[in-house]
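Structure file model-v2.cif (mmCIF, C-alpha atoms) follows.
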data_protein
#
loop_
_atom_site.label_atom_id
_atom_site.label_comp_id
_atom_site.auth_asym_id
_atom_site.auth_seq_id
_atom_site.Cartn_x
_atom_site.Cartn_y
_atom_site.Cartn_z
CA MET A 1 0.00 0.00 0.00
CA ARG A 2 2.71 2.39 1.02
CA VAL A 3 4.70 1.32 -2.05
CA SER A 4 1.86 1.96 -4.46
CA ALA A 5 1.20 5.36 -2.90
CA PHE A 6 4.85 6.15 -3.38
CA VAL A 7 4.69 5.01 -7.00
CA ALA A 8 1.57 7.09 -7.64
CA CYS A 9 3.28 10.12 -6.13
CA ALA A 10 6.39 9.53 -8.19
CA VAL A 11 4.36 9.20 -11.37
CA ALA A 12 2.51 12.40 -10.53
CA CYS A 13 5.77 14.20 -9.87
CA VAL A 14 7.27 13.00 -13.14
CA LEU A 15 4.15 14.07 -15.03
CA ALA A 16 4.16 17.46 -13.36
CA SER A 17 7.77 18.06 -14.24
CA THR A 18 7.76 16.84 -17.83
CA VAL A 19 4.38 17.60 -19.38
CA ILE A 20 3.76 21.19 -20.22
CA VAL A 21 0.18 22.25 -20.58
CA VAL A 22 -0.16 25.43 -22.54
CA THR A 23 -3.51 27.12 -22.63
CA ALA A 24 -4.77 28.93 -25.70
CA GLN A 25 -4.19 32.30 -24.00
CA GLU A 26 -0.50 31.54 -23.62
CA ARG A 27 -0.07 31.30 -27.37
CA GLY A 28 0.72 34.80 -28.56
CA ILE A 29 -0.98 33.98 -31.87
CA GLY A 30 -3.78 31.44 -31.89
CA LEU A 31 -3.29 28.31 -34.01
CA ASP A 32 -6.14 29.39 -36.28
CA LYS A 33 -4.49 32.77 -36.94
CA LEU A 34 -1.04 31.51 -37.98
CA ARG A 35 0.26 32.90 -41.27
CA SER A 36 3.40 31.75 -42.98
CA GLY A 37 5.99 34.41 -43.79
CA SER A 38 5.39 33.74 -47.47
CA THR A 39 1.92 35.29 -47.23
CA TYR A 40 3.56 38.65 -46.46
CA MET A 41 5.64 38.55 -49.66
CA GLY A 42 4.70 39.80 -53.09
CA ALA A 43 3.19 37.50 -55.71
CA ASP A 44 6.51 37.40 -57.61
CA LEU A 45 8.43 35.96 -54.67
CA ARG A 46 5.65 33.50 -53.86
CA ALA A 47 5.81 32.31 -57.47
CA MET A 48 9.59 32.03 -57.25
CA GLN A 49 9.26 29.88 -54.13
CA ALA A 50 6.61 27.66 -55.65
CA ASP A 51 8.56 27.12 -58.89
CA GLU A 52 10.48 23.90 -58.32
CA PHE A 53 12.97 24.89 -61.00
CA ALA A 54 13.47 28.61 -60.50
CA ASN A 55 13.53 28.47 -56.69
CA THR A 56 17.16 29.38 -56.09
CA GLY A 57 17.26 27.29 -52.93
CA MET A 58 17.00 24.22 -55.18
CA LEU A 59 20.68 24.70 -56.06
CA TRP A 60 21.43 23.79 -52.45
CA VAL A 61 18.89 20.97 -52.41
CA GLU A 62 20.53 19.52 -55.50
CA ARG A 63 23.96 19.69 -53.88
CA GLY A 64 22.50 18.04 -50.77
CA ALA A 65 21.09 15.23 -52.90
CA LYS A 66 24.59 14.52 -54.22
CA LEU A 67 26.03 14.53 -50.69
CA TRP A 68 23.26 12.17 -49.55
CA ASN A 69 24.72 9.53 -51.86
CA ALA A 70 28.40 10.35 -51.25
CA ARG A 71 30.42 8.17 -48.91
CA ALA A 72 32.11 9.97 -46.00
CA GLY A 73 34.22 9.35 -42.92
CA SER A 74 36.10 6.37 -41.55
CA ALA A 75 32.98 4.19 -41.96
CA ALA A 76 33.01 5.04 -45.70
CA LYS A 77 29.22 5.06 -45.67
CA SER A 78 26.78 7.38 -47.36
CA CYS A 79 23.53 8.64 -45.86
CA SER A 80 21.62 6.59 -48.41
CA GLU A 81 23.30 3.31 -47.46
CA CYS A 82 21.52 3.43 -44.07
CA HIS A 83 18.51 5.64 -44.81
CA GLY A 84 17.76 4.57 -48.38
CA ASP A 85 15.58 6.80 -50.51
CA ALA A 86 15.24 10.12 -48.71
CA ARG A 87 11.86 10.69 -50.36
CA THR A 88 10.39 8.05 -48.04
CA SER A 89 12.85 7.80 -45.13
CA MET A 90 13.15 11.55 -44.54
CA LYS A 91 9.51 12.43 -45.22
CA GLY A 92 8.16 14.30 -42.20
CA VAL A 93 11.45 14.32 -40.31
CA ALA A 94 11.93 18.09 -40.54
CA THR A 95 8.50 18.67 -38.97
CA ARG A 96 9.76 17.20 -35.67
CA TYR A 97 12.91 19.32 -35.22
CA PRO A 98 14.40 20.75 -33.02
CA ALA A 99 14.09 17.68 -30.82
CA TRP A 100 15.74 16.24 -27.74
CA ASP A 101 18.23 13.60 -28.89
CA LYS A 102 18.76 10.70 -26.53
CA GLY A 103 22.05 9.65 -28.10
CA ALA A 104 23.56 13.12 -27.97
CA GLY A 105 21.92 13.94 -24.64
CA ARG A 106 20.95 17.40 -25.82
CA LEU A 107 18.58 19.39 -27.96
CA LEU A 108 19.42 19.20 -31.67
CA ASP A 109 18.06 21.04 -34.65
CA LEU A 110 18.09 19.38 -38.06
CA GLU A 111 21.62 20.66 -38.78
CA GLY A 112 22.78 19.30 -35.43
CA ARG A 113 21.10 15.95 -36.07
CA ILE A 114 22.86 15.60 -39.44
CA ASN A 115 26.21 16.37 -37.82
CA GLN A 116 25.42 13.90 -35.03
CA CYS A 117 24.93 11.22 -37.68
CA ARG A 118 28.16 12.23 -39.38
CA THR A 119 30.27 11.98 -36.24
CA SER A 120 28.66 8.93 -34.62
CA ARG A 121 27.72 6.80 -37.67
CA GLN A 122 29.98 7.90 -40.50
CA GLY A 123 33.04 8.64 -38.40
CA ALA A 124 33.44 11.94 -40.20
CA ALA A 125 34.21 15.44 -38.95
CA PRO A 126 31.10 17.54 -38.34
CA LEU A 127 30.27 19.96 -41.14
CA ALA A 128 30.87 23.60 -40.29
CA PHE A 129 27.76 25.54 -39.47
CA GLU A 130 26.46 27.55 -42.45
CA SER A 131 28.84 25.66 -44.78
CA GLU A 132 27.50 24.95 -48.26
CA GLU A 133 27.57 21.21 -47.44
CA LEU A 134 25.55 21.43 -44.23
CA LEU A 135 23.08 23.87 -45.78
CA GLY A 136 22.72 21.58 -48.78
CA LEU A 137 22.13 18.41 -46.78
CA THR A 138 19.74 20.13 -44.39
CA ALA A 139 17.77 21.73 -47.21
CA PHE A 140 17.63 18.37 -49.00
CA VAL A 141 16.30 16.60 -45.89
CA ALA A 142 13.91 19.43 -45.03
CA THR A 143 12.43 19.61 -48.53
CA GLN A 144 11.25 16.00 -48.21
CA SER A 145 8.71 17.38 -45.70
CA ARG A 146 7.53 20.23 -47.95
CA GLY A 147 3.87 20.92 -47.24
CA MET A 148 3.76 18.83 -44.07
CA PRO A 149 2.72 20.53 -40.80
CA ILE A 150 5.28 21.34 -38.08
CA LYS A 151 4.75 19.37 -34.88
CA VAL A 152 7.54 19.32 -32.31
CA SER A 153 7.59 17.65 -28.92
CA ILE A 154 8.08 19.91 -25.91
CA ASP A 155 7.67 17.16 -23.31
CA GLY A 156 10.27 15.36 -21.22
CA PRO A 157 13.80 16.66 -21.42
CA ALA A 158 12.75 19.20 -24.09
CA ALA A 159 10.47 20.99 -21.59
CA ALA A 160 13.23 23.03 -19.97
CA HIS A 161 14.51 24.11 -23.40
CA PHE A 162 11.01 25.11 -24.45
CA GLU A 163 10.55 27.25 -21.32
CA ARG A 164 13.92 28.92 -21.89
CA GLY A 165 13.03 29.57 -25.51
CA ARG A 166 9.71 31.09 -24.52
CA ALA A 167 11.45 33.36 -21.99
CA LEU A 168 13.96 34.45 -24.66
CA HIS A 169 11.13 35.26 -27.06
CA GLN A 170 9.66 37.65 -24.48
CA ARG A 171 12.90 39.20 -23.21
CA ARG A 172 13.91 42.67 -24.36
CA VAL A 173 17.43 42.74 -25.76
CA GLY A 174 19.88 45.05 -27.50
CA GLN A 175 20.21 48.79 -27.87
CA MET A 176 16.73 48.92 -29.34
CA ASN A 177 15.48 47.17 -26.20
CA LEU A 178 13.02 45.04 -28.13
CA ALA A 179 11.69 41.54 -27.57
CA CYS A 180 10.68 39.21 -30.42
CA THR A 181 7.06 39.54 -29.29
CA GLN A 182 6.95 43.29 -29.80
CA CYS A 183 7.31 42.92 -33.55
CA HIS A 184 6.14 39.39 -34.26
CA ASN A 185 3.13 39.22 -31.89
CA ASP A 186 2.10 42.83 -31.30
CA ASN A 187 2.85 44.55 -34.61
CA VAL A 188 2.28 41.86 -37.21
CA GLY A 189 1.36 43.35 -40.58
CA ALA A 190 2.72 46.82 -39.70
CA ARG A 191 5.33 48.44 -41.92
CA LEU A 192 9.00 48.33 -40.94
CA LEU A 193 10.69 50.50 -43.58
CA ALA A 194 9.82 48.71 -46.85
CA GLU A 195 8.79 45.45 -45.16
CA ASN A 196 5.62 44.06 -43.69
CA ILE A 197 6.33 42.54 -40.29
CA SER A 198 5.55 38.83 -40.38
CA GLN A 199 4.65 36.55 -37.51
CA GLY A 200 8.23 35.27 -37.48
CA HIS A 201 7.81 31.57 -38.19
CA PRO A 202 10.64 29.10 -38.86
CA ASN A 203 8.99 27.03 -41.63
CA ALA A 204 11.00 28.42 -44.59
CA TRP A 205 14.45 27.40 -43.38
CA PRO A 206 16.93 26.45 -44.64
CA GLY A 207 15.86 28.91 -47.28
CA TYR A 208 17.14 31.46 -49.75
CA ARG A 209 17.19 35.05 -48.57
CA LEU A 210 17.49 37.73 -51.23
CA GLU A 211 19.26 40.08 -48.85
CA TRP A 212 22.00 37.47 -48.36
CA GLN A 213 22.10 36.50 -52.04
CA SER A 214 22.50 33.01 -50.64
CA ALA A 215 20.83 30.19 -48.78
CA GLY A 216 20.99 30.19 -45.00
CA SER A 217 19.79 28.43 -41.88
CA LEU A 218 17.17 29.43 -39.32
CA GLN A 219 20.03 30.18 -36.93
CA ARG A 220 21.47 32.67 -39.39
CA ARG A 221 18.05 34.29 -39.77
CA LEU A 222 17.66 34.55 -35.99
CA ARG A 223 21.10 36.12 -35.72
CA ALA A 224 19.98 38.67 -38.32
CA CYS A 225 17.09 39.65 -36.00
CA TYR A 226 19.50 39.97 -33.06
CA SER A 227 21.58 42.23 -35.27
CA GLY A 228 18.45 44.20 -36.21
CA VAL A 229 17.72 45.08 -32.57
CA ARG A 230 21.45 45.73 -32.08
CA ALA A 231 21.98 42.96 -29.58
CA GLU A 232 25.01 40.74 -29.18
CA LEU A 233 24.74 37.85 -31.64
CA PRO A 234 24.51 34.42 -29.97
CA PRO A 235 27.08 32.04 -31.49
CA TYR A 236 25.92 29.31 -33.89
CA ASN A 237 24.66 26.22 -32.06
CA SER A 238 24.41 28.11 -28.79
CA ALA A 239 21.72 27.15 -26.29
CA ASP A 240 19.97 30.47 -26.93
CA LEU A 241 19.46 29.84 -30.66
CA LEU A 242 18.46 26.18 -30.21
CA ASP A 243 15.99 26.87 -27.39
CA LEU A 244 14.50 29.77 -29.32
CA SER A 245 14.20 27.54 -32.41
CA LEU A 246 12.27 24.96 -30.39
CA TYR A 247 9.90 27.59 -29.05
CA LEU A 248 9.37 29.01 -32.54
CA ALA A 249 8.62 25.56 -33.97
CA TRP A 250 6.04 24.96 -31.24
CA ARG A 251 4.57 28.42 -31.86
CA ALA A 252 4.25 27.58 -35.58
CA GLU A 253 2.58 24.23 -34.96
CA GLY A 254 0.60 23.18 -38.01
CA LEU A 255 2.25 25.51 -40.52
CA PRO A 256 3.56 23.64 -43.56
CA ILE A 257 7.31 23.27 -44.11
CA GLU A 258 8.29 25.44 -47.11
CA SER A 259 12.02 24.70 -47.21
CA PRO A 260 13.72 25.86 -49.32
CA GLY A 261 11.65 29.00 -48.78
CA ILE A 262 12.35 32.30 -50.51
CA ARG A 263 12.46 35.30 -48.21
CA ARG A 264 13.42 38.94 -48.67
CA MET B 1 31.80 26.50 -60.46
CA ALA B 2 30.11 24.04 -62.77
CA ASP B 3 26.94 24.01 -60.76
CA ALA B 4 23.80 24.75 -62.69
CA ARG B 5 20.25 23.59 -63.20
CA ILE B 6 18.94 23.38 -66.76
CA GLN B 7 15.36 22.85 -67.89
CA VAL B 8 14.46 21.78 -71.43
CA PRO B 9 11.20 20.02 -72.42
CA ALA B 10 11.54 16.23 -72.75
CA GLN B 11 10.25 16.35 -76.32
CA VAL B 12 9.38 19.14 -78.74
CA ARG B 13 7.73 19.26 -82.17
CA ARG B 14 9.68 20.49 -85.18
CA GLY B 15 9.00 24.18 -85.81
CA ASP B 16 7.65 24.84 -82.32
CA THR B 17 9.38 27.25 -79.97
CA PHE B 18 10.34 25.87 -76.60
CA GLU B 19 11.46 27.47 -73.36
CA VAL B 20 14.97 26.91 -72.05
CA LYS B 21 15.93 27.82 -68.48
CA ILE B 22 19.32 27.82 -66.85
CA LEU B 23 19.98 28.65 -63.20
CA ILE B 24 23.69 29.10 -62.49
CA ARG B 25 25.18 29.02 -59.03
CA HIS B 26 27.49 32.03 -58.80
CA GLY B 27 28.15 34.66 -56.13
CA MET B 28 28.09 37.55 -58.69
CA GLU B 29 30.37 39.69 -56.53
CA THR B 30 29.63 43.26 -57.60
CA GLY B 31 33.00 44.83 -56.87
CA TYR B 32 31.32 47.52 -54.76
CA ARG B 33 31.41 45.67 -51.46
CA LEU B 34 34.04 46.15 -48.77
CA THR B 35 35.38 43.66 -46.24
CA ASP B 36 35.06 44.40 -42.52
CA ASP B 37 38.49 46.03 -42.57
CA GLY B 38 37.64 48.27 -45.51
CA LYS B 39 39.29 46.44 -48.40
CA GLN B 40 37.43 46.30 -51.67
CA ILE B 41 36.19 42.84 -52.68
CA PRO B 42 37.16 42.49 -56.36
CA ARG B 43 34.39 42.20 -58.90
CA ASN B 44 33.69 38.66 -60.02
CA VAL B 45 30.54 38.27 -62.06
CA ILE B 46 29.68 35.94 -64.90
CA ARG B 47 30.63 38.07 -67.88
CA LEU B 48 29.40 35.87 -70.70
CA VAL B 49 26.85 33.09 -71.11
CA THR B 50 26.24 31.44 -74.47
CA CYS B 51 24.04 28.63 -75.67
CA ARG B 52 24.63 26.74 -78.91
CA TYR B 53 21.99 24.49 -80.48
CA ASN B 54 23.67 21.87 -82.64
CA GLY B 55 26.59 24.25 -83.12
CA THR B 56 24.58 27.41 -83.90
CA GLU B 57 24.57 30.12 -81.26
CA VAL B 58 20.98 30.80 -80.17
CA PHE B 59 21.55 32.82 -77.01
CA ARG B 60 24.23 35.18 -75.72
CA ILE B 61 24.23 37.50 -72.73
CA GLU B 62 26.93 39.60 -71.13
CA PRO B 63 25.76 40.08 -67.53
CA SER B 64 27.22 42.85 -65.36
CA SER B 65 27.35 43.66 -61.67
CA GLY B 66 23.67 44.64 -61.75
CA ILE B 67 22.61 40.99 -61.98
CA ALA B 68 21.80 39.18 -58.72
CA ALA B 69 23.68 36.16 -57.41
CA ASN B 70 22.67 32.74 -58.75
CA PRO B 71 21.08 34.18 -61.90
CA LEU B 72 18.28 32.52 -63.82
CA PHE B 73 18.22 32.98 -67.61
CA THR B 74 15.14 32.07 -69.61
CA PHE B 75 14.87 32.18 -73.40
CA PHE B 76 13.04 30.58 -76.33
CA VAL B 77 14.47 28.45 -79.11
CA THR B 78 12.82 27.14 -82.29
CA ALA B 79 13.01 23.35 -82.61
CA ARG B 80 14.77 22.17 -85.80
CA ASP B 81 16.59 18.86 -85.29
CA SER B 82 17.26 16.51 -82.41
CA GLY B 83 20.62 17.19 -80.83
CA GLU B 84 21.94 19.09 -77.92
CA LEU B 85 22.16 22.49 -76.34
CA VAL B 86 25.63 23.43 -75.11
CA PHE B 87 25.80 26.13 -72.45
CA GLU B 88 29.08 27.84 -71.72
CA TRP B 89 29.89 30.62 -69.31
CA VAL B 90 32.92 32.43 -67.97
CA ASP B 91 33.40 34.81 -65.03
CA ASP B 92 35.79 37.71 -64.32
CA ALA B 93 38.19 35.33 -62.56
CA GLY B 94 38.48 33.46 -65.86
CA GLU B 95 36.73 30.34 -64.61
CA ARG B 96 34.93 28.56 -67.40
CA ALA B 97 32.16 26.00 -67.19
CA SER B 98 29.85 24.22 -69.55
CA GLU B 99 26.76 22.04 -69.39
CA ARG B 100 24.83 20.11 -71.99
CA ALA B 101 21.17 19.22 -72.42
CA ALA B 102 19.67 16.88 -74.99
CA VAL B 103 16.80 18.00 -77.24
CA THR B 104 14.52 15.44 -78.86
CA VAL B 105 12.53 16.77 -81.83
CA ALA B 106 9.52 14.78 -83.06
CA GLY B 107 7.80 15.11 -86.41
#

Step by step, read the file and then write its structure as structure tokens.
Amino acid sequence: MRVSAFVACAVACVLASTVIVVTAQERGIGLDKLRSGSTYMGADLRAMQADEFANTGMLWVERGAKLWNARAGSAAKSCSECHGDARTSMKGVATRYPAWDKGAGRLLDLEGRINQCRTSRQGAAPLAFESEELLGLTAFVATQSRGMPIKVSIDGPAAAHFERGRALHQRRVGQMNLACTQCHNDNVGARLLAENISQGHPNAWPGYRLEWQSAGSLQRRLRACYSGVRAELPPYNSADLLDLSLYLAWRAEGLPIESPGIRR
Amino acid sequence: MADARIQVPAQVRRGDTFEVKILIRHGMETGYRLTDDGKQIPRNVIRLVTCRYNGTEVFRIEPSSGIAANPLFTFFVTARDSGELVFEWVDDAGERASERAAVTVAG
């Protein structure tokens, strides 16, 4: 009797510490009001994104497809030798990232997960963040989930990261003393110079940004926002960027993956 | 540098015009940008792109620093005989590249 009471208590404690219940009010933007960043662009850019040939991000996807079949590392194995045809094996994978990775014992975004596979399975050096290779592979994997809704897990060990990400989203930073929420929750649709402020969702990335004249990752895009409010840029792969990415993915739950998206 | 996507219809009818697209991966460095320590980054843009259809030149463009990175070129060609389109381009650094695409003409 005493044992079962103890077990029940332990189960309750575990549940209380790992399951996060978020009420509708806590979502800055209700799930029914979510709008992808592409809906704030002009028709020309939307057409460019939708065109499977002219979408410039496809240059990176194509490079990623080649890397998928290329052997690497001391194991001399390619991605495809374990995972087969990415069109089936990688379908939907990007919708679940960032995610807590048991093997690595930490939160990984899709880039981090690819590098985890490289180091632990292929015996290869991790690809540098924002390198053409890592962008290519990530865009190639992400594009297999094009059109599929984002759905990340914020339970268990991911819960603490989610809470940290949410706090970061609401914290004022930089010389402009602005929080993400002040633009991307409170002033959505308003003009910021020549731009319309979007809701700030992560579903386009890795994507092609015209301002960069290049493809880039979500982390690069987040760093651009930090730069915009004149705050210190968090380093690539830092806890800040990963936790914020997890929160953003949760906030965008249900939005379709558009990678490689086109953004201004 | 030889990194491009080319789109040509699988089959075309003799006498018809068909659309050809080529998307070339290139940084198209304008020559106007400076590094963080103030040095000028030298201009390096694709300065010539040509396309030959069974040996006859059907398209030529001399892009300049006003053209964005990773440029897409679209043009129309009249189908005559089956064969191939040969694309060639060269940038300011003197790097040359070429790609080929087969054309199948029916009728």

I want to know what sits within 10 Å of B:Ala68, based on all atoms listed in the file, with residues of the same chain fewer than 5 positions away left out; could you give that as a tab-separated table (two decimals) with C-alpha atoms, keeping the file's coordinate frame?
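Output contents, as saved in around_25.tsv:
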chain	number	residue	atom	x	y	z
A	210	LEU	CA	17.49	37.73	-51.23
A	213	GLN	CA	22.10	36.50	-52.04
B	26	HIS	CA	27.49	32.03	-58.80
B	27	GLY	CA	28.15	34.66	-56.13
B	28	MET	CA	28.09	37.55	-58.69
B	29	GLU	CA	30.37	39.69	-56.53
B	30	THR	CA	29.63	43.26	-57.60
B	45	VAL	CA	30.54	38.27	-62.06
B	63	PRO	CA	25.76	40.08	-67.53

Kindly resolve the PyMOL selection byres ((chain A) within 10 of (chain B)) on the present coordinates and return the residues as a ChimeraX atom specification. /A:53-60,62-63,210,212-214

Can you list, as a PDB file with C-alpha atoms, keeping the file's coordinate frame, every protein, DNA or RNA residue that comes within 10 Å of stretch 154-168 of chain A when you count all atoms listed in the file, leaving out same-chain residues fewer than 2 positions away?
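File written: around.pdb
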ATOM      1  CA  VAL A  14       7.270  13.000 -13.140  1.00  0.00           C
ATOM      2  CA  LEU A  15       4.150  14.070 -15.030  1.00  0.00           C
ATOM      3  CA  SER A  17       7.770  18.060 -14.240  1.00  0.00           C
ATOM      4  CA  THR A  18       7.760  16.840 -17.830  1.00  0.00           C
ATOM      5  CA  VAL A  19       4.380  17.600 -19.380  1.00  0.00           C
ATOM      6  CA  ILE A  20       3.760  21.190 -20.220  1.00  0.00           C
ATOM      7  CA  VAL A  21       0.180  22.250 -20.580  1.00  0.00           C
ATOM      8  CA  PRO A  98      14.400  20.750 -33.020  1.00  0.00           C
ATOM      9  CA  ALA A  99      14.090  17.680 -30.820  1.00  0.00           C
ATOM     10  CA  TRP A 100      15.740  16.240 -27.740  1.00  0.00           C
ATOM     11  CA  ASP A 101      18.230  13.600 -28.890  1.00  0.00           C
ATOM     12  CA  LYS A 102      18.760  10.700 -26.530  1.00  0.00           C
ATOM     13  CA  GLY A 105      21.920  13.940 -24.640  1.00  0.00           C
ATOM     14  CA  ARG A 106      20.950  17.400 -25.820  1.00  0.00           C
ATOM     15  CA  LEU A 107      18.580  19.390 -27.960  1.00  0.00           C
ATOM     16  CA  LYS A 151       4.750  19.370 -34.880  1.00  0.00           C
ATOM     17  CA  VAL A 152       7.540  19.320 -32.310  1.00  0.00           C
ATOM     18  CA  GLN A 170       9.660  37.650 -24.480  1.00  0.00           C
ATOM     19  CA  ARG A 171      12.900  39.200 -23.210  1.00  0.00           C
ATOM     20  CA  ARG A 172      13.910  42.670 -24.360  1.00  0.00           C
ATOM     21  CA  VAL A 173      17.430  42.740 -25.760  1.00  0.00           C
ATOM     22  CA  ALA A 179      11.690  41.540 -27.570  1.00  0.00           C
ATOM     23  CA  CYS A 180      10.680  39.210 -30.420  1.00  0.00           C
ATOM     24  CA  THR A 181       7.060  39.540 -29.290  1.00  0.00           C
ATOM     25  CA  ALA A 239      21.720  27.150 -26.290  1.00  0.00           C
ATOM     26  CA  ASP A 240      19.970  30.470 -26.930  1.00  0.00           C
ATOM     27  CA  LEU A 241      19.460  29.840 -30.660  1.00  0.00           C
ATOM     28  CA  LEU A 242      18.460  26.180 -30.210  1.00  0.00           C
ATOM     29  CA  ASP A 243      15.990  26.870 -27.390  1.00  0.00           C
ATOM     30  CA  LEU A 244      14.500  29.770 -29.320  1.00  0.00           C
ATOM     31  CA  SER A 245      14.200  27.540 -32.410  1.00  0.00           C
ATOM     32  CA  LEU A 246      12.270  24.960 -30.390  1.00  0.00           C
ATOM     33  CA  TYR A 247       9.900  27.590 -29.050  1.00  0.00           C
ATOM     34  CA  LEU A 248       9.370  29.010 -32.540  1.00  0.00           C
ATOM     35  CA  ALA A 249       8.620  25.560 -33.970  1.00  0.00           C
ATOM     36  CA  TRP A 250       6.040  24.960 -31.240  1.00  0.00           C
ATOM     37  CA  ARG A 251       4.570  28.420 -31.860  1.00  0.00           C
TER      38      ARG A 251
END

Which residue out of A:Leu127, A:Ala43, A:Leu233, A:His201 has the minimum interatomic distance to A:Val188 when only C-alpha atoms are used? A:His201

What separation in Å, quoted to one decimal, exists between atom CA of A:Ser153 and atom CA of A:Ala94?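 Going from atom CA of A:Ser153 over to atom CA of A:Ala94 covers 12.4 Å.
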
What lies within 10 Å of B:Pro42 using only C-alpha atoms, ignoring chain neighbours under 5 positions off, as a ChimeraX atom specification? /B:29-34,92-93

8 Å contact set for A:Asn69, all atoms listed in the file, chain neighbours under 5 positions out, as a list in words: Ser78, Cys79, Ser80 and Glu81 of chain A

Next, the residues of the selection above should be written as an mmCIF file, in the frame of the given file with C-alpha atoms.
data_model
loop_
_atom_site.group_PDB
_atom_site.id
_atom_site.type_symbol
_atom_site.label_atom_id
_atom_site.label_comp_id
_atom_site.auth_asym_id
_atom_site.auth_seq_id
_atom_site.Cartn_x
_atom_site.Cartn_y
_atom_site.Cartn_z
ATOM 1 C CA SER A 78 26.780 7.380 -47.360
ATOM 2 C CA CYS A 79 23.530 8.640 -45.860
ATOM 3 C CA SER A 80 21.620 6.590 -48.410
ATOM 4 C CA GLU A 81 23.300 3.310 -47.460
#

B:Arg60 surroundings by only C-alpha atoms, 10 Å radius, close-in-sequence under 5 positions cut, as JSON, numbers by chain: {"B": [48, 49, 50, 51, 52, 87, 88, 89]}

Written selection (C-alpha atoms) as a PDB file, keeping the file's coordinate frame:
ATOM      1  CA  LEU B  48      29.400  35.870 -70.700  1.00  0.00           C
ATOM      2  CA  VAL B  49      26.850  33.090 -71.110  1.00  0.00           C
ATOM      3  CA  THR B  50      26.240  31.440 -74.470  1.00  0.00           C
ATOM      4  CA  CYS B  51      24.040  28.630 -75.670  1.00  0.00           C
ATOM      5  CA  ARG B  52      24.630  26.740 -78.910  1.00  0.00           C
ATOM      6  CA  PHE B  87      25.800  26.130 -72.450  1.00  0.00           C
ATOM      7  CA  GLU B  88      29.080  27.840 -71.720  1.00  0.00           C
ATOM      8  CA  TRP B  89      29.890  30.620 -69.310  1.00  0.00           C
TER       9      TRP B  89
END

Please indicate the distance in Å from atom CA of A:Arg209 to atom CA of B:Arg96, rounded to one decimal place. 26.7 Å
